[in-house]
$ cat run25.csv   # CSV, C-alpha atoms
chain,number,residue,atom,x,y,z
X,19,MET,CA,9.0,-36.5,52.3
X,20,VAL,CA,10.2,-33.3,53.9
X,21,PHE,CA,7.4,-33.3,56.5
X,22,GLU,CA,8.3,-36.7,57.8
X,23,LYS,CA,12.0,-35.8,58.0
X,24,ILE,CA,11.2,-32.6,60.0
X,25,ALA,CA,8.8,-34.5,62.3
X,26,ALA,CA,11.5,-37.1,63.0
X,27,LEU,CA,14.0,-34.3,63.8
X,28,ILE,CA,11.6,-32.6,66.1
X,29,ALA,CA,10.7,-35.9,67.9
X,30,ASP,CA,14.4,-36.4,68.4
X,31,HIS,CA,15.0,-32.9,69.6
X,32,VAL,CA,12.1,-32.6,72.1
X,33,GLY,CA,11.7,-36.3,72.9
X,34,CYS,CA,8.0,-36.5,72.0
X,35,ASP,CA,6.1,-39.1,70.0
X,36,ILE,CA,6.4,-38.5,66.3
X,37,ALA,CA,2.7,-39.3,65.9
X,38,ASP,CA,1.9,-36.1,67.9
X,39,ILE,CA,3.5,-33.9,65.4
X,40,LYS,CA,0.9,-32.6,62.8
X,41,ALA,CA,1.3,-30.2,60.0
X,42,GLU,CA,-0.7,-27.6,62.0
X,43,SER,CA,1.4,-28.1,65.2
X,44,THR,CA,3.1,-24.8,66.1
X,45,PHE,CA,6.8,-24.7,67.0
X,46,GLU,CA,5.8,-22.8,70.1
X,47,ALA,CA,3.4,-25.5,71.3
X,48,LEU,CA,6.1,-28.1,70.7
X,49,GLY,CA,8.4,-26.1,72.9
X,50,ILE,CA,10.8,-25.2,70.1
X,51,ASP,CA,12.2,-21.8,70.0
X,52,SER,CA,13.9,-19.9,67.2
X,53,LEU,CA,17.4,-21.2,68.1
X,54,ASP,CA,16.1,-24.8,68.0
X,55,THR,CA,14.5,-24.1,64.6
X,56,ALA,CA,17.8,-22.8,63.2
X,57,GLU,CA,19.6,-25.9,64.4
X,58,MET,CA,17.0,-28.2,62.8
X,59,VAL,CA,17.2,-26.3,59.5
X,60,ILE,CA,20.9,-26.7,59.4
X,61,GLU,CA,20.5,-30.4,60.1
X,62,LEU,CA,17.9,-30.7,57.4
X,63,GLU,CA,20.2,-29.0,54.9
X,64,GLU,CA,22.8,-31.6,55.6
X,65,GLU,CA,20.3,-34.4,55.2
X,66,LEU,CA,18.7,-33.0,52.0
X,67,GLY,CA,21.9,-31.6,50.5
X,68,ILE,CA,20.3,-28.2,49.8
X,69,GLU,CA,20.6,-24.7,51.2
X,70,ILE,CA,17.5,-23.4,52.9
X,71,GLN,CA,17.1,-19.6,53.1
X,72,LEU,CA,14.6,-18.7,55.8
X,73,LYS,CA,13.2,-15.2,55.1
X,74,GLU,CA,10.0,-15.4,57.1
X,75,LYS,CA,9.3,-16.6,60.6
X,76,MET,CA,7.8,-20.1,60.4
X,77,GLU,CA,4.9,-20.7,62.8
X,78,THR,CA,3.9,-24.4,62.1
X,79,VAL,CA,5.7,-27.6,61.1
X,80,GLY,CA,3.6,-27.7,57.9
X,81,GLN,CA,4.6,-24.2,56.9
X,82,LEU,CA,8.3,-25.1,57.2
X,83,ALA,CA,7.8,-28.3,55.3
X,84,LYS,CA,6.0,-26.5,52.5
X,85,TYR,CA,8.6,-23.8,52.3
X,86,ILE,CA,11.5,-26.3,52.1
X,87,GLU,CA,9.6,-28.3,49.4
X,88,SER,CA,9.4,-25.1,47.4
X,89,GLN,CA,13.1,-24.4,47.9
X,90,LYS,CA,14.0,-27.9,46.7
X,91,GLY,CA,12.5,-26.8,43.3
K,5,MET,CA,47.4,-0.5,70.1
K,6,ILE,CA,45.2,-3.5,69.5
K,7,LYS,CA,44.4,-4.0,65.8
K,8,THR,CA,42.3,-6.9,64.6
K,9,ALA,CA,40.2,-8.0,61.6
K,10,LEU,CA,37.4,-5.8,63.0
K,11,THR,CA,39.4,-2.5,62.9
K,12,GLU,CA,40.2,-3.4,59.3
K,13,LEU,CA,36.6,-4.1,58.4
K,14,ILE,CA,35.3,-0.9,60.0
K,15,PRO,CA,37.4,2.3,60.3
K,16,ILE,CA,37.4,2.4,64.2
K,17,GLU,CA,40.3,2.9,66.5
K,18,TYR,CA,39.4,0.2,69.0
K,19,PRO,CA,37.6,-3.0,68.2
K,20,ILE,CA,34.6,-2.3,70.5
K,21,PHE,CA,30.9,-1.8,69.8
K,22,GLN,CA,28.4,-0.3,72.2
K,23,GLY,CA,25.3,-2.5,72.3
K,24,GLY,CA,22.0,-1.3,70.8
K,25,MET,CA,20.0,-1.1,74.0
K,26,ALA,CA,16.3,-0.1,73.7
K,27,TRP,CA,15.4,3.3,75.3
K,28,ILE,CA,19.1,3.8,76.2
K,29,ALA,CA,21.3,3.7,73.0
K,30,ASP,CA,20.3,7.0,71.4
K,31,GLY,CA,22.1,9.3,68.9
K,32,LYS,CA,23.9,11.1,71.7
K,33,LEU,CA,25.4,8.0,73.3
K,34,ALA,CA,26.3,6.5,69.9
K,35,ALA,CA,28.1,9.6,68.9
K,36,ALA,CA,30.1,9.7,72.2
K,37,VAL,CA,31.2,6.1,71.8
K,38,SER,CA,32.2,6.7,68.1
K,39,ASN,CA,34.1,9.9,69.1
K,40,GLY,CA,35.8,7.8,71.8
K,41,GLY,CA,37.2,5.5,69.1
K,42,GLY,CA,34.6,2.6,69.3
K,43,LEU,CA,31.5,2.1,67.3
K,44,GLY,CA,28.4,3.7,68.8
K,45,ILE,CA,25.1,2.1,67.9
K,46,ILE,CA,21.6,3.6,68.0
K,47,ALA,CA,18.8,1.2,69.0
K,48,ALA,CA,15.9,1.3,66.6
K,49,MET,CA,14.0,-0.9,69.1
K,50,ASN,CA,10.2,-0.8,68.5
K,51,ALA,CA,10.2,2.9,67.5
K,52,ASP,CA,9.0,4.3,64.2
K,53,ALA,CA,10.9,5.6,61.2
K,54,ASP,CA,10.7,9.3,62.4
K,55,TYR,CA,12.3,8.5,65.7
K,56,LEU,CA,15.2,6.7,64.1
K,57,ARG,CA,15.7,9.5,61.5
K,58,GLN,CA,15.9,12.0,64.3
K,59,GLN,CA,18.5,10.0,66.3
K,60,ILE,CA,20.6,9.5,63.2
K,61,ALA,CA,20.5,13.3,62.7
K,62,VAL,CA,21.5,13.8,66.4
K,63,ALA,CA,24.5,11.4,66.0
K,64,ARG,CA,25.6,13.1,62.7
K,65,SER,CA,25.4,16.5,64.4
K,66,LEU,CA,27.8,15.3,67.1
K,67,THR,CA,30.3,13.1,65.2
K,68,ASP,CA,31.8,12.6,61.8
K,69,LYS,CA,32.9,9.1,62.7
K,70,PRO,CA,31.0,6.0,61.6
K,71,PHE,CA,28.3,4.6,63.8
K,72,GLY,CA,25.7,1.9,63.6
K,73,VAL,CA,22.0,1.2,64.1
K,74,ASN,CA,20.6,-1.9,65.7
K,75,ILE,CA,17.5,-3.3,64.0
K,76,MET,CA,15.3,-5.4,66.3
K,77,LEU,CA,13.7,-7.7,63.8
K,78,MET,CA,10.6,-8.5,65.9
K,79,SER,CA,9.7,-4.8,65.9
K,80,PRO,CA,6.3,-4.0,64.3
K,81,ASN,CA,8.2,-1.1,62.5
K,82,ALA,CA,11.0,-3.4,61.2
K,83,ASP,CA,10.2,-2.8,57.5
K,84,ALA,CA,10.1,1.0,57.9
K,85,VAL,CA,13.3,1.3,59.9
K,86,ALA,CA,15.1,-1.2,57.6
K,87,GLN,CA,14.4,1.3,54.8
K,88,VAL,CA,15.6,4.3,56.9
K,89,VAL,CA,19.0,2.8,57.6
K,90,ALA,CA,19.4,2.1,53.9
K,91,ASP,CA,18.2,5.6,52.8
K,92,GLU,CA,20.5,7.2,55.5
K,93,LYS,CA,23.4,5.1,54.4
K,94,VAL,CA,24.3,4.1,57.9
K,95,ALA,CA,27.7,2.5,58.0
K,96,VAL,CA,27.0,-0.5,60.2
K,97,ILE,CA,23.7,-2.4,60.8
K,98,THR,CA,23.5,-4.9,63.6
K,99,THR,CA,20.4,-7.0,63.9
K,100,GLY,CA,18.8,-8.8,66.8
K,101,ALA,CA,15.9,-11.2,67.5
K,102,GLY,CA,15.8,-13.1,64.2
K,103,ASN,CA,17.1,-13.5,60.6
K,104,PRO,CA,17.7,-10.3,58.6
K,105,ALA,CA,17.8,-12.2,55.2
K,106,LYS,CA,14.9,-10.4,53.7
K,107,TYR,CA,16.6,-7.0,54.1
K,108,MET,CA,20.1,-8.1,53.1
K,109,ASP,CA,19.9,-7.0,49.4
K,110,LEU,CA,18.5,-3.6,50.3
K,111,TRP,CA,21.3,-3.0,52.9
K,112,GLN,CA,24.1,-4.3,50.8
K,113,GLN,CA,23.1,-2.1,47.9
K,114,ALA,CA,23.2,0.8,50.4
K,115,GLY,CA,26.8,-0.2,51.2
K,116,ALA,CA,26.2,-1.1,54.8
K,117,CYS,CA,28.2,-3.6,56.8
K,118,VAL,CA,25.6,-6.0,58.2
K,119,ILE,CA,26.5,-7.7,61.5
K,120,PRO,CA,23.8,-10.0,63.0
K,121,VAL,CA,23.7,-11.0,66.6
K,122,VAL,CA,23.7,-14.7,67.1
K,123,ALA,CA,23.2,-16.9,70.2
K,124,SER,CA,23.9,-20.3,68.7
K,125,VAL,CA,26.2,-22.1,66.2
K,126,ALA,CA,23.2,-22.9,63.9
K,127,MET,CA,22.2,-19.2,63.8
K,128,ALA,CA,25.8,-18.3,63.0
K,129,LYS,CA,25.9,-20.8,60.1
K,130,MET,CA,22.6,-19.6,58.8
K,131,LEU,CA,23.1,-15.9,59.0
K,132,GLY,CA,26.8,-16.0,58.2
K,133,ARG,CA,26.3,-17.1,54.6
K,134,SER,CA,23.5,-14.6,53.8
K,135,GLY,CA,25.9,-11.8,53.2
K,136,ALA,CA,26.9,-10.8,56.8
K,137,ALA,CA,30.2,-9.0,57.2
K,138,ALA,CA,30.8,-10.3,60.7
K,139,LEU,CA,28.8,-11.9,63.5
K,140,ILE,CA,28.2,-10.8,67.1
K,141,ALA,CA,28.2,-14.0,69.3
K,142,GLU,CA,26.2,-13.0,72.4
K,143,GLY,CA,26.3,-15.1,75.4
K,144,GLY,CA,23.7,-15.4,78.1
K,145,GLU,CA,25.5,-13.2,80.6
K,146,SER,CA,24.3,-10.2,78.6
K,147,GLY,CA,21.5,-7.9,79.6
K,148,GLY,CA,18.3,-7.8,77.6
K,149,HIS,CA,17.2,-10.6,75.3
K,150,VAL,CA,19.4,-13.6,75.9
K,151,GLY,CA,20.2,-17.1,74.8
K,152,ASP,CA,21.2,-19.9,77.2
K,153,THR,CA,24.8,-20.5,76.1
K,154,THR,CA,27.4,-18.5,77.9
K,155,THR,CA,30.0,-16.3,76.1
K,156,MET,CA,32.8,-18.6,77.3
K,157,ALA,CA,31.2,-21.6,75.6
K,158,LEU,CA,29.6,-19.8,72.6
K,159,VAL,CA,32.4,-17.7,71.2
K,160,PRO,CA,34.9,-20.5,70.4
K,161,GLN,CA,32.1,-22.7,68.9
K,162,VAL,CA,30.9,-19.8,66.7
K,163,CYS,CA,34.4,-19.1,65.7
K,164,ASP,CA,34.8,-22.7,64.6
K,165,ALA,CA,31.6,-22.6,62.6
K,166,THR,CA,32.4,-19.4,60.5
K,167,THR,CA,35.2,-17.8,58.6
K,168,LEU,CA,33.7,-14.3,59.4
K,169,PRO,CA,35.1,-12.0,62.1
K,170,VAL,CA,33.4,-12.7,65.4
K,171,ILE,CA,32.6,-10.1,68.0
K,172,ALA,CA,32.1,-11.4,71.5
K,173,ALA,CA,29.3,-10.0,73.7
K,174,GLY,CA,28.0,-10.8,77.1
K,175,GLY,CA,29.9,-10.8,80.4
K,176,ILE,CA,32.5,-8.3,79.3
K,177,ALA,CA,33.1,-5.0,81.1
K,178,ASP,CA,36.8,-4.4,81.3
K,179,GLY,CA,40.2,-5.1,79.8
K,180,ARG,CA,40.3,-8.6,81.3
K,181,GLY,CA,37.1,-9.5,79.4
K,182,VAL,CA,38.4,-8.0,76.2
K,183,ALA,CA,41.7,-10.0,76.5
K,184,ALA,CA,39.7,-13.2,77.2
K,185,ALA,CA,37.4,-12.6,74.3
K,186,LEU,CA,40.4,-12.3,71.9
K,187,MET,CA,41.8,-15.5,73.4
K,188,LEU,CA,38.5,-17.3,72.6
K,189,GLY,CA,38.9,-16.3,69.0
K,190,ALA,CA,36.9,-13.1,68.8
K,191,CYS,CA,38.3,-10.1,67.0
K,192,GLY,CA,36.3,-7.5,68.9
K,193,VAL,CA,33.8,-7.0,71.7
K,194,GLN,CA,30.4,-5.5,72.2
K,195,LEU,CA,29.6,-4.0,75.6
K,196,GLY,CA,26.3,-2.7,76.9
K,197,THR,CA,26.2,-2.5,80.7
K,198,ARG,CA,29.4,-0.6,81.1
K,199,PHE,CA,28.1,2.1,78.8
K,200,LEU,CA,25.0,2.6,81.1
K,201,LEU,CA,27.4,4.6,83.2
K,202,ALA,CA,28.9,6.6,80.4
K,203,GLU,CA,28.3,10.3,81.2
K,204,GLU,CA,26.8,10.7,77.8
K,205,CYS,CA,24.2,8.1,78.5
K,206,SER,CA,20.9,9.8,79.1
K,207,ILE,CA,19.1,7.2,81.2
K,208,HIS,CA,17.4,8.2,84.5
K,209,THR,CA,19.7,8.6,87.6
K,210,ASN,CA,17.8,5.9,89.4
K,211,TYR,CA,18.8,3.4,86.6
K,212,LYS,CA,22.5,4.5,87.0
K,213,GLU,CA,22.3,4.2,90.8
K,214,LYS,CA,20.8,0.7,90.5
K,215,VAL,CA,23.7,-0.4,88.3
K,216,LEU,CA,26.2,1.1,90.7
K,217,LYS,CA,24.7,-0.8,93.6
K,218,ALA,CA,24.5,-4.1,91.7
K,219,THR,CA,26.6,-7.1,92.7
K,220,ASP,CA,27.4,-10.3,90.8
K,221,ILE,CA,24.1,-11.8,91.7
K,222,SER,CA,21.8,-8.9,91.1
K,223,THR,CA,20.3,-10.0,87.7
K,224,ILE,CA,17.5,-12.3,86.9
K,225,ILE,CA,16.0,-13.8,83.8
K,226,THR,CA,12.3,-13.5,83.1
K,227,GLY,CA,10.1,-14.2,80.1
K,228,LYS,CA,11.3,-17.7,79.4
K,229,ARG,CA,7.7,-19.0,79.2
K,230,LEU,CA,6.9,-16.5,76.4
K,231,GLY,CA,9.9,-17.6,74.4
K,232,HIS,CA,11.9,-14.4,74.8
K,233,PRO,CA,13.9,-14.5,78.0
K,234,VAL,CA,15.3,-11.2,79.2
K,235,ARG,CA,18.0,-10.4,81.8
K,236,SER,CA,17.4,-7.5,84.0
K,237,LEU,CA,18.3,-6.2,87.5
K,238,LYS,CA,16.2,-7.7,90.2
K,239,SER,CA,13.4,-5.2,91.0
K,240,PRO,CA,9.8,-5.3,92.3
K,241,PHE,CA,8.7,-5.7,88.6
K,242,SER,CA,11.1,-8.5,87.7
K,243,ASN,CA,10.5,-10.4,91.0
K,244,ALA,CA,6.8,-10.3,90.4
K,245,VAL,CA,7.1,-11.5,86.8
K,246,PHE,CA,9.4,-14.3,87.9
K,247,LYS,CA,6.9,-15.6,90.4
K,248,LEU,CA,3.9,-15.2,88.1
K,249,GLU,CA,5.5,-16.9,85.2
K,250,TYR,CA,5.1,-20.3,87.0
K,251,SER,CA,1.5,-19.6,88.0
K,252,GLN,CA,-1.8,-19.9,86.1
K,253,ILE,CA,-1.6,-16.4,84.7
K,254,SER,CA,-2.2,-16.3,80.9
K,255,ASP,CA,0.4,-15.4,78.3
K,256,ALA,CA,-1.5,-12.3,77.4
K,257,GLU,CA,-1.5,-11.1,81.0
K,258,LEU,CA,2.2,-11.7,81.2
K,259,GLU,CA,2.8,-9.8,78.0
K,260,GLU,CA,0.7,-7.0,79.3
K,261,MET,CA,2.8,-6.8,82.5
K,262,ALA,CA,5.9,-6.2,80.5
K,263,ARG,CA,4.5,-3.5,78.3
K,264,ASP,CA,6.2,-0.1,78.5
K,265,THR,CA,8.5,-1.3,81.4
K,266,LEU,CA,11.8,-0.5,79.5
K,267,ARG,CA,10.7,3.1,79.0
K,268,LEU,CA,9.5,3.3,82.6
K,269,ALA,CA,13.0,2.2,83.7
K,270,ALA,CA,15.2,4.3,81.3
K,271,VAL,CA,13.1,7.4,81.0
K,272,GLU,CA,11.0,7.6,84.2
K,273,GLY,CA,13.4,5.8,86.6
K,274,ASP,CA,10.3,4.0,88.0
K,275,MET,CA,11.8,1.7,90.7
K,276,GLN,CA,8.5,-0.2,91.1
K,277,LYS,CA,7.3,-0.8,87.6
K,278,GLY,CA,10.5,-0.4,85.5
K,279,CYS,CA,12.5,-3.2,83.9
K,280,PHE,CA,16.2,-2.3,84.3
K,281,LEU,CA,18.0,-4.3,81.7
K,282,ALA,CA,21.7,-5.1,82.6
K,283,GLY,CA,24.1,-7.9,82.2
K,284,GLN,CA,25.8,-10.0,84.9
K,285,VAL,CA,28.8,-7.7,84.8
K,286,ALA,CA,26.7,-4.9,86.4
K,287,GLY,CA,28.6,-5.7,89.7
K,288,MET,CA,31.8,-4.6,87.9
K,289,VAL,CA,30.6,-1.2,86.9
K,290,LYS,CA,31.7,1.1,89.7
K,291,LYS,CA,31.8,4.6,88.3
K,292,SER,CA,30.4,7.1,85.9
K,293,GLN,CA,32.9,8.2,83.2
K,294,PRO,CA,32.9,9.8,79.7
K,295,ALA,CA,32.6,7.1,77.0
K,296,ARG,CA,36.0,7.9,75.7
K,297,GLN,CA,37.6,7.2,79.0
K,298,ILE,CA,35.7,3.9,79.4
K,299,ILE,CA,37.1,2.7,76.1
K,300,GLN,CA,40.7,3.9,76.7
K,301,GLU,CA,40.7,2.3,80.2
K,302,ILE,CA,39.5,-1.0,78.9
K,303,PHE,CA,42.0,-1.2,76.0
K,304,ASP,CA,44.9,0.0,78.1
K,305,GLU,CA,44.2,-2.8,80.5
K,306,ALA,CA,43.7,-5.4,77.7
K,307,GLU,CA,46.9,-4.4,76.1
K,308,LEU,CA,48.8,-4.8,79.4
K,309,ILE,CA,47.3,-8.2,80.0
K,310,LEU,CA,48.0,-9.5,76.5
K,311,LYS,CA,51.6,-8.3,76.6
K,312,GLY,CA,52.1,-10.2,79.8
K,313,VAL,CA,50.7,-13.6,78.7
K,314,ASN,CA,54.1,-15.0,77.9
K,315,ARG,CA,55.0,-15.2,81.6
K,316,TRP,CA,53.0,-18.4,81.8
K,317,ILE,CA,55.0,-20.2,79.1
K,318,LYS,CA,58.0,-21.9,80.7
$ encode --input "run25.csv" --output "structure tokens"
Amino acid sequence: MVFEKIAALIADHVGCDIADIKAESTFEALGIDSLDTAEMVIELEEELGIEIQLKEKMETVGQLAKYIESQKG
Amino acid sequence: MIKTALTELIPIEYPIFQGGMAWIADGKLAAAVSNGGGLGIIAAMNADADYLRQQIAVARSLTDKPFGVNIMLMSPNADAVAQVVADEKVAVITTGAGNPAKYMDLWQQAGACVIPVVASVAMAKMLGRSGAAALIAEGGESGGHVGDTTTMALVPQVCDATTLPVIAAGGIADGRGVAAALMLGACGVQLGTRFLLAEECSIHTNYKEKVLKATDISTIITGKRLGHPVRSLKSPFSNAVFKLEYSQISDAELEEMARDTLRLAAVEGDMQKGCFLAGQVAGMVKKSQPARQIIQEIFDEAELILKGVNRWIK
């Protein structure tokens, strides 16, 4: 599942408990800025073997997961 | 002459851009820089389509050389100004504060050279493949919106991550900086602070005086808590924000404090309430000169340095 993968990456990045990351958690509240998001997207691409084109700003973890699911086709 | 991949990509004499500084980089300054052999850039900032059209017309009335427009992607008018640069067939579009992917098709169809500003390797990878012609790697020494990584550390890492030409920005004000940037793998530079003292730069005299008085430790970063850190010259405004940032004040109140402060600095020269954006190199800017002279001086010095590097090889 994409959401779990993102949650694991975030937990790793910010050093928080993976259980605290919900679909509705905002990146801002998690202390993740746009540069961190870009880095995680690149890592996710390598893990999932797909290219993710971000055209809109993602506010929540759930939004990003949903977007990536749609890109996976 | 210093010729690089950048002078091949864009028909400019010297591989130098003037940064798109809000309330500062207008059509007059951009034209002066382009006439001086570099690439002048108009800042679209948060302004509306009419303002940008006007400034493009000003630039075109003063130069027949190519110039650029910087699109600040967080602007509430981003969609409108993105359309203006396409309609006006602006030669070069630089972007800041985000990912320009959604405008890429529009701009490429208009024949523009799109050059995003990046502050990290991941951003460089992401934006580099979406049709960008080059990348500006901007280190945290810069004035205005900044990332954490310094130019010295960022430029070589971005160069390793992309095959596109890389333009170094942040911490460069003279020929030594240009020579160093080329050594780090860049093929051009973008300067902002030095051009504040260009004679054709219309900012308030108080702003220019403040830059002339600045030393190496005169700048400060504020706005980290709100997620968009900004480097400016220390002032009553920036000192107050710096202190309040770590107090109980709400985000909304902090945002409100920053409202209109760039205009107050650049247009009104308000020493109390203005936010005077400048990079760490402000201490190196010692005199007011025409833009053309600034560019020539920088590249004469860079050329001299680069010709002499062999002396270290024994």
$ closest_atom_pairs --input "run25.csv" --of "chain X" --to "chain K" --cutoff "8 Å" --atoms "all atoms listed in the file" --output "JSON lines"
{"residue": "X:Glu46", "atom": "CA", "partner": "K:Gly231", "partner_atom": "CA", "distance": 7.9}
{"residue": "X:Asp51", "atom": "CA", "partner": "K:Gly231", "partner_atom": "CA", "distance": 6.5}
{"residue": "X:Ser52", "atom": "CA", "partner": "K:Gly102", "partner_atom": "CA", "distance": 7.7}
{"residue": "X:Leu53", "atom": "CA", "partner": "K:Ser124", "partner_atom": "CA", "distance": 6.6}
{"residue": "X:Ala56", "atom": "CA", "partner": "K:Ala126", "partner_atom": "CA", "distance": 5.4}
{"residue": "X:Glu57", "atom": "CA", "partner": "K:Ala126", "partner_atom": "CA", "distance": 4.7}
{"residue": "X:Ile60", "atom": "CA", "partner": "K:Ala126", "partner_atom": "CA", "distance": 6.3}
{"residue": "X:Gln71", "atom": "CA", "partner": "K:Ala105", "partner_atom": "CA", "distance": 7.7}
{"residue": "X:Leu72", "atom": "CA", "partner": "K:Ala105", "partner_atom": "CA", "distance": 7.3}
{"residue": "X:Lys73", "atom": "CA", "partner": "K:Lys106", "partner_atom": "CA", "distance": 5.3}
{"residue": "X:Glu74", "atom": "CA", "partner": "K:Lys106", "partner_atom": "CA", "distance": 7.8}
$ residues_around --input "run25.csv" --residues "segment 36-45 of chain X" --least-positions-apart "2" --cutoff "6 Å" --atoms "only C-alpha atoms" --output "NGL selection string"
:X and (29 or 47-48 or 50 or 77-80)
$ residues_near_point --input "run25.csv" --point "(33.6, -11.0, 73.7)" --cutoff "6 Å" --atoms "all atoms listed in the file" --output "list in words"
Ile171, Ala172, Ala173, Ala185 and Val193 of chain K
$ write_last_selection --input "run25.csv" --atoms "C-alpha atoms" --output "mmCIF file, keeping the file's coordinate frame"
data_model
loop_
_atom_site.group_PDB
_atom_site.id
_atom_site.type_symbol
_atom_site.label_atom_id
_atom_site.label_comp_id
_atom_site.auth_asym_id
_atom_site.auth_seq_id
_atom_site.Cartn_x
_atom_site.Cartn_y
_atom_site.Cartn_z
ATOM 1 C CA ILE K 171 32.600 -10.100 68.000
ATOM 2 C CA ALA K 172 32.100 -11.400 71.500
ATOM 3 C CA ALA K 173 29.300 -10.000 73.700
ATOM 4 C CA ALA K 185 37.400 -12.600 74.300
ATOM 5 C CA VAL K 193 33.800 -7.000 71.700
#
$ residues_around --input "run25.csv" --residues "Leu62 of chain X" --least-positions-apart "4" --cutoff "10 Å" --atoms "all atoms listed in the file" --output "list in words"
Val20, Lys23, Ile24, Leu27, Ala56, Glu57, Met58, Leu66, Gly67, Ile68, Glu69, Ile70 and Ile86 of chain X
$ residues_around --input "run25.csv" --residues "Ala136 of chain K" --least-positions-apart "2" --cutoff "9 Å" --atoms "only C-alpha atoms" --output "mmCIF file with C-alpha atoms, in the frame of the given file"
data_model
loop_
_atom_site.group_PDB
_atom_site.id
_atom_site.type_symbol
_atom_site.label_atom_id
_atom_site.label_comp_id
_atom_site.auth_asym_id
_atom_site.auth_seq_id
_atom_site.Cartn_x
_atom_site.Cartn_y
_atom_site.Cartn_z
ATOM 1 C CA MET K 108 20.100 -8.100 53.100
ATOM 2 C CA CYS K 117 28.200 -3.600 56.800
ATOM 3 C CA VAL K 118 25.600 -6.000 58.200
ATOM 4 C CA ILE K 119 26.500 -7.700 61.500
ATOM 5 C CA PRO K 120 23.800 -10.000 63.000
ATOM 6 C CA LEU K 131 23.100 -15.900 59.000
ATOM 7 C CA GLY K 132 26.800 -16.000 58.200
ATOM 8 C CA ARG K 133 26.300 -17.100 54.600
ATOM 9 C CA SER K 134 23.500 -14.600 53.800
ATOM 10 C CA ALA K 138 30.800 -10.300 60.700
ATOM 11 C CA LEU K 139 28.800 -11.900 63.500
ATOM 12 C CA LEU K 168 33.700 -14.300 59.400
#
$ atom_distance --input "run25.csv" --atom1 "atom CA of Val32 of chain X" --atom2 "atom CA of Met19 of chain X"
20.4 Å
$ decode --input "run25.csv" --residues "segment 34-45 of chain X" --atoms "N, CA and C atoms" --output "tab-separated table (two decimals), in the first residue's frame"
chain	number	residue	atom	x	y	z
X	34	CYS	N	9.37	10.21	13.98
X	34	CYS	CA	8.17	10.08	14.82
X	34	CYS	C	7.64	8.65	14.76
X	35	ASP	N	6.62	8.37	15.55
X	35	ASP	CA	6.02	7.04	15.58
X	35	ASP	C	5.12	6.89	14.36
X	36	ILE	N	5.26	5.81	13.65
X	36	ILE	CA	4.49	5.59	12.42
X	36	ILE	C	2.98	5.59	12.70
X	37	ALA	N	2.62	5.19	13.92
X	37	ALA	CA	1.19	5.13	14.29
X	37	ALA	C	0.57	6.53	14.36
X	38	ASP	N	1.43	7.56	14.53
X	38	ASP	CA	0.92	8.93	14.63
X	38	ASP	C	0.60	9.54	13.27
X	39	ILE	N	0.96	8.84	12.21
X	39	ILE	CA	0.75	9.41	10.88
X	39	ILE	C	-0.57	8.88	10.31
X	40	LYS	N	-1.51	9.82	10.16
X	40	LYS	CA	-2.84	9.45	9.65
X	40	LYS	C	-3.01	10.05	8.25
X	41	ALA	N	-4.02	9.57	7.55
X	41	ALA	CA	-4.29	10.08	6.20
X	41	ALA	C	-4.54	11.59	6.24
X	42	GLU	N	-5.17	12.04	7.33
X	42	GLU	CA	-5.51	13.47	7.39
X	42	GLU	C	-4.37	14.33	7.97
X	43	SER	N	-3.26	13.70	8.35
X	43	SER	CA	-2.14	14.50	8.89
X	43	SER	C	-1.59	15.41	7.80
X	44	THR	N	-1.41	16.68	8.16
X	44	THR	CA	-0.82	17.58	7.17
X	44	THR	C	0.70	17.52	7.27
X	45	PHE	N	1.36	17.76	6.13
X	45	PHE	CA	2.82	17.77	6.11
X	45	PHE	C	3.35	18.86	7.03
